[in-house]
$ cat data-v8.cif   # mmCIF, C-alpha atoms and all ligand atoms
data_structure
#
loop_
_atom_site.group_PDB
_atom_site.id
_atom_site.type_symbol
_atom_site.label_atom_id
_atom_site.label_comp_id
_atom_site.auth_asym_id
_atom_site.auth_seq_id
_atom_site.Cartn_x
_atom_site.Cartn_y
_atom_site.Cartn_z
ATOM 1 C CA MET O 9 18.368 3.850 6.634
ATOM 2 C CA SER O 10 15.469 1.807 7.968
ATOM 3 C CA ASN O 11 14.757 -1.632 6.510
ATOM 4 C CA ARG O 12 10.976 -1.619 6.791
ATOM 5 C CA THR O 13 8.180 -0.393 4.573
ATOM 6 C CA PHE O 14 4.407 -0.432 4.722
ATOM 7 C CA THR O 15 2.011 -1.684 2.040
ATOM 8 C CA MET O 16 -1.677 -2.109 1.380
ATOM 9 C CA ILE O 17 -3.222 -4.399 -1.218
ATOM 10 C CA LYS O 18 -6.047 -2.087 -2.279
ATOM 11 C CA PRO O 19 -9.771 -2.907 -2.726
ATOM 12 C CA ASP O 20 -9.496 -3.334 -6.521
ATOM 13 C CA ALA O 21 -6.824 -6.038 -6.237
ATOM 14 C CA VAL O 22 -8.625 -7.780 -3.360
ATOM 15 C CA LYS O 23 -11.888 -7.778 -5.342
ATOM 16 C CA ALA O 24 -10.120 -9.170 -8.418
ATOM 17 C CA GLY O 25 -8.745 -12.112 -6.403
ATOM 18 C CA ASN O 26 -5.112 -10.998 -6.611
ATOM 19 C CA ILE O 27 -4.056 -11.126 -2.929
ATOM 20 C CA GLY O 28 -2.211 -14.426 -3.430
ATOM 21 C CA ASN O 29 -0.490 -13.351 -6.650
ATOM 22 C CA ILE O 30 0.704 -10.085 -5.129
ATOM 23 C CA LEU O 31 1.965 -11.726 -1.914
ATOM 24 C CA GLN O 32 3.825 -14.240 -4.077
ATOM 25 C CA MET O 33 5.593 -11.395 -5.933
ATOM 26 C CA ILE O 34 6.429 -9.693 -2.621
ATOM 27 C CA ASN O 35 7.931 -12.910 -1.215
ATOM 28 C CA ALA O 36 9.810 -13.682 -4.432
ATOM 29 C CA ALA O 37 11.397 -10.213 -4.293
ATOM 30 C CA GLY O 38 12.889 -11.059 -0.888
ATOM 31 C CA PHE O 39 10.612 -9.192 1.539
ATOM 32 C CA ARG O 40 9.846 -10.739 4.921
ATOM 33 C CA ILE O 41 6.373 -10.158 6.393
ATOM 34 C CA VAL O 42 6.609 -8.464 9.794
ATOM 35 C CA ALA O 43 2.858 -7.876 10.271
ATOM 36 C CA MET O 44 -0.291 -8.477 8.220
ATOM 37 C CA LYS O 45 -4.001 -7.682 8.546
ATOM 38 C CA TYR O 46 -7.131 -8.204 6.389
ATOM 39 C CA THR O 47 -9.393 -5.281 7.211
ATOM 40 C CA ARG O 48 -11.604 -2.529 5.820
ATOM 41 C CA LEU O 49 -11.140 1.213 6.301
ATOM 42 C CA THR O 50 -14.038 3.521 7.074
ATOM 43 C CA MET O 51 -14.266 6.746 5.061
ATOM 44 C CA ASP O 52 -12.887 8.646 8.106
ATOM 45 C CA GLN O 53 -9.952 6.243 8.538
ATOM 46 C CA ALA O 54 -9.078 6.464 4.826
ATOM 47 C CA GLY O 55 -9.227 10.265 5.141
ATOM 48 C CA LYS O 56 -6.829 10.193 8.074
ATOM 49 C CA PHE O 57 -4.404 7.772 6.409
ATOM 50 C CA TYR O 58 -4.238 9.932 3.257
ATOM 51 C CA GLU O 59 -4.416 13.283 5.089
ATOM 52 C CA VAL O 60 -1.268 14.535 3.301
ATOM 53 C CA HIS O 61 -3.319 14.522 0.071
ATOM 54 C CA LYS O 62 -6.236 16.486 1.607
ATOM 55 C CA GLU O 63 -5.847 19.455 -0.732
ATOM 56 C CA ARG O 64 -5.541 17.326 -3.892
ATOM 57 C CA PRO O 65 -8.510 17.220 -6.291
ATOM 58 C CA PHE O 66 -8.590 13.403 -6.119
ATOM 59 C CA TYR O 67 -8.744 13.201 -2.284
ATOM 60 C CA GLY O 68 -12.507 12.484 -2.053
ATOM 61 C CA GLU O 69 -12.349 9.867 -4.779
ATOM 62 C CA LEU O 70 -9.278 8.282 -3.150
ATOM 63 C CA CYS O 71 -10.993 8.001 0.255
ATOM 64 C CA GLU O 72 -14.198 6.605 -1.309
ATOM 65 C CA PHE O 73 -12.198 3.986 -3.180
ATOM 66 C CA MET O 74 -9.973 3.001 -0.253
ATOM 67 C CA SER O 75 -13.032 2.442 1.951
ATOM 68 C CA SER O 76 -15.031 0.631 -0.761
ATOM 69 C CA GLY O 77 -13.951 -2.874 0.255
ATOM 70 C CA PRO O 78 -11.463 -4.902 2.284
ATOM 71 C CA ILE O 79 -7.717 -4.388 2.008
ATOM 72 C CA VAL O 80 -4.600 -6.230 3.182
ATOM 73 C CA ALA O 81 -2.243 -4.060 5.255
ATOM 74 C CA ALA O 82 1.299 -5.278 5.917
ATOM 75 C CA ILE O 83 4.719 -4.278 7.178
ATOM 76 C CA LEU O 84 7.589 -5.652 5.092
ATOM 77 C CA GLU O 85 11.274 -6.028 5.904
ATOM 78 C CA LYS O 86 14.289 -6.091 3.570
ATOM 79 C CA ASP O 87 17.502 -4.122 3.075
ATOM 80 C CA ASN O 88 16.571 -0.829 1.405
ATOM 81 C CA ALA O 89 12.893 -1.735 1.853
ATOM 82 C CA VAL O 90 11.228 1.573 0.901
ATOM 83 C CA ALA O 91 13.097 2.082 -2.380
ATOM 84 C CA ASP O 92 13.125 -1.592 -3.388
ATOM 85 C CA PHE O 93 9.407 -1.946 -2.753
ATOM 86 C CA ARG O 94 8.643 1.130 -4.862
ATOM 87 C CA THR O 95 10.676 -0.451 -7.661
ATOM 88 C CA LEU O 96 8.698 -3.693 -7.280
ATOM 89 C CA ILE O 97 5.301 -1.948 -7.423
ATOM 90 C CA GLY O 98 6.126 0.429 -10.308
ATOM 91 C CA ALA O 99 4.839 3.907 -11.134
ATOM 92 C CA THR O 100 1.642 5.264 -9.517
ATOM 93 C CA ASN O 101 0.042 5.371 -12.961
ATOM 94 C CA PRO O 102 0.033 1.785 -14.325
ATOM 95 C CA ALA O 103 0.327 3.175 -17.873
ATOM 96 C CA GLN O 104 3.846 4.318 -16.897
ATOM 97 C CA ALA O 105 4.759 1.254 -14.800
ATOM 98 C CA GLU O 106 7.665 -0.944 -15.922
ATOM 99 C CA GLU O 107 7.021 -4.441 -17.261
ATOM 100 C CA GLY O 108 7.054 -7.047 -14.479
ATOM 101 C CA THR O 109 5.951 -4.639 -11.715
ATOM 102 C CA ILE O 110 2.903 -5.293 -9.528
ATOM 103 C CA ARG O 111 1.026 -2.265 -10.873
ATOM 104 C CA LYS O 112 1.808 -3.122 -14.490
ATOM 105 C CA LYS O 113 0.276 -6.554 -13.894
ATOM 106 C CA TYR O 114 -2.641 -5.775 -11.619
ATOM 107 C CA ALA O 115 -3.492 -2.043 -11.566
ATOM 108 C CA THR O 116 -6.198 -0.634 -13.807
ATOM 109 C CA SER O 117 -5.832 3.145 -13.373
ATOM 110 C CA ILE O 118 -3.943 5.828 -11.428
ATOM 111 C CA GLY O 119 -6.694 5.758 -8.796
ATOM 112 C CA GLU O 120 -7.274 1.993 -8.671
ATOM 113 C CA ASN O 121 -3.635 1.010 -8.658
ATOM 114 C CA ALA O 122 -3.662 -2.313 -6.748
ATOM 115 C CA VAL O 123 -1.075 -1.507 -4.056
ATOM 116 C CA HIS O 124 0.278 1.238 -1.844
ATOM 117 C CA GLY O 125 3.922 1.545 -0.846
ATOM 118 C CA SER O 126 5.418 4.073 1.605
ATOM 119 C CA ASP O 127 7.449 6.871 0.010
ATOM 120 C CA SER O 128 9.975 7.371 2.850
ATOM 121 C CA ASP O 129 11.310 5.724 6.010
ATOM 122 C CA GLU O 130 9.497 8.329 8.076
ATOM 123 C CA ASN O 131 6.142 7.643 6.395
ATOM 124 C CA ALA O 132 6.726 3.878 6.585
ATOM 125 C CA ALA O 133 6.920 4.186 10.381
ATOM 126 C CA ILE O 134 3.864 6.478 10.591
ATOM 127 C CA GLU O 135 1.781 4.277 8.274
ATOM 128 C CA SER O 136 2.833 1.046 10.042
ATOM 129 C CA SER O 137 1.737 2.403 13.414
ATOM 130 C CA PHE O 138 -1.605 3.493 11.897
ATOM 131 C CA PHE O 139 -2.475 -0.217 11.500
ATOM 132 C CA PHE O 140 -0.265 -2.199 13.899
ATOM 133 C CA ASN O 141 0.798 -1.947 17.529
ATOM 134 C CA GLY O 142 4.069 -3.366 18.813
ATOM 135 C CA LEU O 143 2.487 -6.694 19.832
ATOM 136 C CA GLU O 144 1.378 -7.298 16.227
ATOM 137 C CA GLN O 145 4.870 -7.035 14.705
ATOM 138 C CA PHE O 146 7.126 -10.091 14.533
HETATM 139 P P1 LIG K 1 -0.723 5.630 -3.272
HETATM 140 O O1 LIG K 1 0.660 5.155 -3.495
HETATM 141 O O2 LIG K 1 -1.602 4.830 -2.397
HETATM 142 O O3 LIG K 1 -0.680 7.139 -2.699
HETATM 143 C C1 LIG K 1 -1.650 8.106 -2.978
HETATM 144 C C2 LIG K 1 -2.696 7.631 -3.922
HETATM 145 O O4 LIG K 1 -3.479 8.642 -4.538
HETATM 146 C C3 LIG K 1 -2.021 6.951 -5.096
HETATM 147 O O5 LIG K 1 -1.441 5.745 -4.691
HETATM 148 C C4 LIG K 1 -3.172 6.859 -6.088
HETATM 149 O O6 LIG K 1 -3.970 5.712 -5.882
HETATM 150 C C5 LIG K 1 -3.948 8.098 -5.754
HETATM 151 N N1 LIG K 1 -3.780 9.084 -6.813
HETATM 152 C C6 LIG K 1 -2.661 9.728 -7.141
HETATM 153 N N2 LIG K 1 -2.876 10.554 -8.184
HETATM 154 C C7 LIG K 1 -4.174 10.400 -8.525
HETATM 155 C C8 LIG K 1 -5.010 10.970 -9.523
HETATM 156 N N3 LIG K 1 -4.537 11.870 -10.393
HETATM 157 N N4 LIG K 1 -6.296 10.582 -9.570
HETATM 158 C C9 LIG K 1 -6.782 9.671 -8.685
HETATM 159 N N5 LIG K 1 -6.030 9.101 -7.701
HETATM 160 C C10 LIG K 1 -4.751 9.460 -7.629
#

$ encode --input "data-v8.cif" --output "structure tokens"
Amino acid sequence: MSNRTFTMIKPDAVKAGNIGNILQMINAAGFRIVAMKYTRLTMDQAGKFYEVHKERPFYGELCEFMSSGPIVAAILEKDNAVADFRTLIGATNPAQAEEGTIRKKYATSIGENAVHGSDSDENAAIESSFFFNGLEQF
């Protein structure tokens, strides 16, 4: 089991001024920041990042949204990082997210859901290398 996961603070949460609050929750839950970047995806880059969802009806909307403003991308480290981070962020749909999770607090809809978290060790590695090279990880 790997101990790293990848996250993005999405454009809705950045726009709402919640970067600090979300990073505070991530730190309080015991994750160490390995890499971090404030950046903005182009439509093409968002399409590539979310390529696995290409056939889904919400793909266009997802890419539009993810390229609509700046994001914070980060690699996080902790024992059992992928599963523990998904617990911390809560369900994809904030209406189903547990009390005290990041999405329950800061997400507004299934599309604009404040944060991304990798769903497997394999995807955590792929997604991390999409944003960061080896010299940017500490
Ligand atoms: P994320 O964890 O970033 O992974 C894929 C994203 O697709 C997901 O969060 C949601 O933001 C988005 N998504 C999933 N289902 C829907 C949906 N039904 N409508 C719009 N966006 C969705």

$ closest_residue --input "data-v8.cif" --among "O:Thr15, O:Gln104, O:Ser75, O:Asn88" --to "ligand LIG 1 (chain K)" --atoms "all atoms listed in the file"
O:Thr15

$ resolve_selection --input "data-v8.cif" --expression "the PyMOL selection byres (((chain O and resi 12) around 8) and not hetatm)" --output "list in words"
Ser10, Asn11, Thr13, Phe14, Ile83, Leu84, Glu85, Lys86, Asp87, Asn88, Ala89, Val90, Asp129, Ala132 and Ala133 of chain O

$ residues_around --input "data-v8.cif" --residues "O:Pro102" --least-positions-apart "2" --cutoff "6 Å" --atoms "all atoms listed in the file" --output "mmCIF file with C-alpha atoms, keeping the file's coordinate frame"
data_model
loop_
_atom_site.group_PDB
_atom_site.id
_atom_site.type_symbol
_atom_site.label_atom_id
_atom_site.label_comp_id
_atom_site.auth_asym_id
_atom_site.auth_seq_id
_atom_site.Cartn_x
_atom_site.Cartn_y
_atom_site.Cartn_z
ATOM 1 C CA GLN O 104 3.846 4.318 -16.897
ATOM 2 C CA ALA O 105 4.759 1.254 -14.800
ATOM 3 C CA ARG O 111 1.026 -2.265 -10.873
ATOM 4 C CA LYS O 112 1.808 -3.122 -14.490
ATOM 5 C CA ALA O 115 -3.492 -2.043 -11.566
#

$ residues_near_ligand --input "data-v8.cif" --ligand "ligand LIG 1 (chain K)" --cutoff "6 Å" --atoms "all atoms listed in the file" --output "compact mmCIF listing (two decimals) with C-alpha atoms, in the coordinates of the input"
# COMPACT_ATOMS: atom_id res chain seq x y z
CA PHE O 66 -8.59 13.40 -6.12
CA LEU O 70 -9.28 8.28 -3.15
CA THR O 100 1.64 5.26 -9.52
CA ILE O 118 -3.94 5.83 -11.43
CA GLY O 119 -6.69 5.76 -8.80
CA GLU O 120 -7.27 1.99 -8.67
CA ASN O 121 -3.64 1.01 -8.66
CA HIS O 124 0.28 1.24 -1.84
CA GLY O 125 3.92 1.54 -0.85

$ residues_around --input "data-v8.cif" --residues "O:Val123" --least-positions-apart "4" --cutoff "7 Å" --atoms "only C-alpha atoms" --output "JSON, numbers by chain"
{"O": [15, 16, 17, 18]}

$ atom_distance --input "data-v8.cif" --atom1 "atom CA of O:Glu106" --atom2 "atom CA of O:Ala37"
15.3 Å

$ closest_residue --input "data-v8.cif" --among "O:Phe139, O:Leu96, O:Lys62, O:Thr50" --to "O:Ala36" --atoms "all atoms listed in the file"
O:Leu96

$ closest_residue --input "data-v8.cif" --among "O:Glu130, O:Cys71, O:Ala43, O:Gly77" --to "O:Glu144" --atoms "only C-alpha atoms"
O:Ala43

$ atom_distance --input "data-v8.cif" --atom1 "atom CA of O:Gly142" --atom2 "atom CA of O:Tyr46"
17.4 Å

$ atom_distance --input "data-v8.cif" --atom1 "atom CA of O:Met44" --atom2 "atom CA of O:Leu31"
10.9 Å

$ closest_residue --input "data-v8.cif" --among "O:Pro19, O:Thr47, O:Asp52, O:Phe93" --to "O:Met33" --atoms "all atoms listed in the file"
O:Phe93

$ build_atoms --input "data-v8.cif" --residues "stretch 115-143 of chain O" --atoms "N, CA and C atoms" --output "mmCIF file, in the coordinates of the input"
data_model
loop_
_atom_site.group_PDB
_atom_site.id
_atom_site.type_symbol
_atom_site.label_atom_id
_atom_site.label_comp_id
_atom_site.auth_asym_id
_atom_site.auth_seq_id
_atom_site.Cartn_x
_atom_site.Cartn_y
_atom_site.Cartn_z
ATOM 1 N N ALA O 115 -2.773 -3.311 -11.733
ATOM 2 C CA ALA O 115 -3.492 -2.043 -11.566
ATOM 3 C C ALA O 115 -4.278 -1.714 -12.826
ATOM 4 N N THR O 116 -5.389 -0.993 -12.642
ATOM 5 C CA THR O 116 -6.198 -0.634 -13.807
ATOM 6 C C THR O 116 -6.147 0.858 -14.127
ATOM 7 N N SER O 117 -5.877 1.700 -13.136
ATOM 8 C CA SER O 117 -5.832 3.145 -13.373
ATOM 9 C C SER O 117 -4.995 3.805 -12.291
ATOM 10 N N ILE O 118 -4.754 5.112 -12.433
ATOM 11 C CA ILE O 118 -3.943 5.828 -11.428
ATOM 12 C C ILE O 118 -4.637 5.815 -10.063
ATOM 13 N N GLY O 119 -5.951 5.795 -10.057
ATOM 14 C CA GLY O 119 -6.694 5.758 -8.796
ATOM 15 C C GLY O 119 -6.784 4.342 -8.241
ATOM 16 N N GLU O 120 -7.119 3.393 -9.104
ATOM 17 C CA GLU O 120 -7.274 1.993 -8.671
ATOM 18 C C GLU O 120 -5.994 1.252 -9.056
ATOM 19 N N ASN O 121 -4.970 1.454 -8.236
ATOM 20 C CA ASN O 121 -3.635 1.010 -8.658
ATOM 21 C C ASN O 121 -3.070 -0.147 -7.819
ATOM 22 N N ALA O 122 -3.978 -0.985 -7.316
ATOM 23 C CA ALA O 122 -3.662 -2.313 -6.748
ATOM 24 C C ALA O 122 -2.910 -2.320 -5.415
ATOM 25 N N VAL O 123 -1.882 -1.491 -5.282
ATOM 26 C CA VAL O 123 -1.075 -1.507 -4.056
ATOM 27 C C VAL O 123 -0.615 -0.110 -3.667
ATOM 28 N N HIS O 124 -0.366 0.037 -2.375
ATOM 29 C CA HIS O 124 0.278 1.238 -1.844
ATOM 30 C C HIS O 124 1.658 0.841 -1.339
ATOM 31 N N GLY O 125 2.614 1.749 -1.462
ATOM 32 C CA GLY O 125 3.922 1.545 -0.846
ATOM 33 C C GLY O 125 4.405 2.863 -0.259
ATOM 34 N N SER O 126 4.940 2.839 0.950
ATOM 35 C CA SER O 126 5.418 4.073 1.605
ATOM 36 C C SER O 126 6.469 4.764 0.748
ATOM 37 N N ASP O 127 6.491 6.115 0.834
ATOM 38 C CA ASP O 127 7.449 6.871 0.010
ATOM 39 C C ASP O 127 8.695 7.305 0.770
ATOM 40 N N SER O 128 8.782 7.008 2.073
ATOM 41 C CA SER O 128 9.975 7.371 2.850
ATOM 42 C C SER O 128 10.016 6.510 4.112
ATOM 43 N N ASP O 129 11.194 6.461 4.740
ATOM 44 C CA ASP O 129 11.310 5.724 6.010
ATOM 45 C C ASP O 129 10.392 6.324 7.066
ATOM 46 N N GLU O 130 10.328 7.651 7.081
ATOM 47 C CA GLU O 130 9.497 8.329 8.076
ATOM 48 C C GLU O 130 8.024 7.954 7.879
ATOM 49 N N ASN O 131 7.542 8.009 6.644
ATOM 50 C CA ASN O 131 6.142 7.643 6.395
ATOM 51 C C ASN O 131 5.893 6.157 6.602
ATOM 52 N N ALA O 132 6.884 5.323 6.330
ATOM 53 C CA ALA O 132 6.726 3.878 6.585
ATOM 54 C C ALA O 132 6.432 3.642 8.065
ATOM 55 N N ALA O 133 7.131 4.351 8.939
ATOM 56 C CA ALA O 133 6.920 4.186 10.381
ATOM 57 C C ALA O 133 5.550 4.723 10.794
ATOM 58 N N ILE O 134 5.176 5.885 10.256
ATOM 59 C CA ILE O 134 3.864 6.478 10.591
ATOM 60 C C ILE O 134 2.740 5.566 10.099
ATOM 61 N N GLU O 135 2.840 5.100 8.868
ATOM 62 C CA GLU O 135 1.781 4.277 8.274
ATOM 63 C C GLU O 135 1.689 2.914 8.958
ATOM 64 N N SER O 136 2.840 2.343 9.342
ATOM 65 C CA SER O 136 2.833 1.046 10.042
ATOM 66 C C SER O 136 2.109 1.173 11.370
ATOM 67 N N SER O 137 2.361 2.263 12.092
ATOM 68 C CA SER O 137 1.737 2.403 13.414
ATOM 69 C C SER O 137 0.272 2.799 13.300
ATOM 70 N N PHE O 138 -0.178 3.232 12.128
ATOM 71 C CA PHE O 138 -1.605 3.493 11.897
ATOM 72 C C PHE O 138 -2.395 2.174 11.998
ATOM 73 N N PHE O 139 -1.785 1.082 11.549
ATOM 74 C CA PHE O 139 -2.475 -0.217 11.500
ATOM 75 C C PHE O 139 -2.047 -1.214 12.573
ATOM 76 N N PHE O 140 -0.802 -1.132 13.048
ATOM 77 C CA PHE O 140 -0.265 -2.199 13.899
ATOM 78 C C PHE O 140 0.351 -1.635 15.170
ATOM 79 N N ASN O 141 0.073 -2.292 16.304
ATOM 80 C CA ASN O 141 0.798 -1.947 17.529
ATOM 81 C C ASN O 141 2.006 -2.877 17.663
ATOM 82 N N GLY O 142 2.827 -2.626 18.657
ATOM 83 C CA GLY O 142 4.069 -3.366 18.813
ATOM 84 C C GLY O 142 3.864 -4.863 18.979
ATOM 85 N N LEU O 143 2.748 -5.266 19.594
ATOM 86 C CA LEU O 143 2.487 -6.694 19.832
ATOM 87 C C LEU O 143 2.079 -7.430 18.567
#
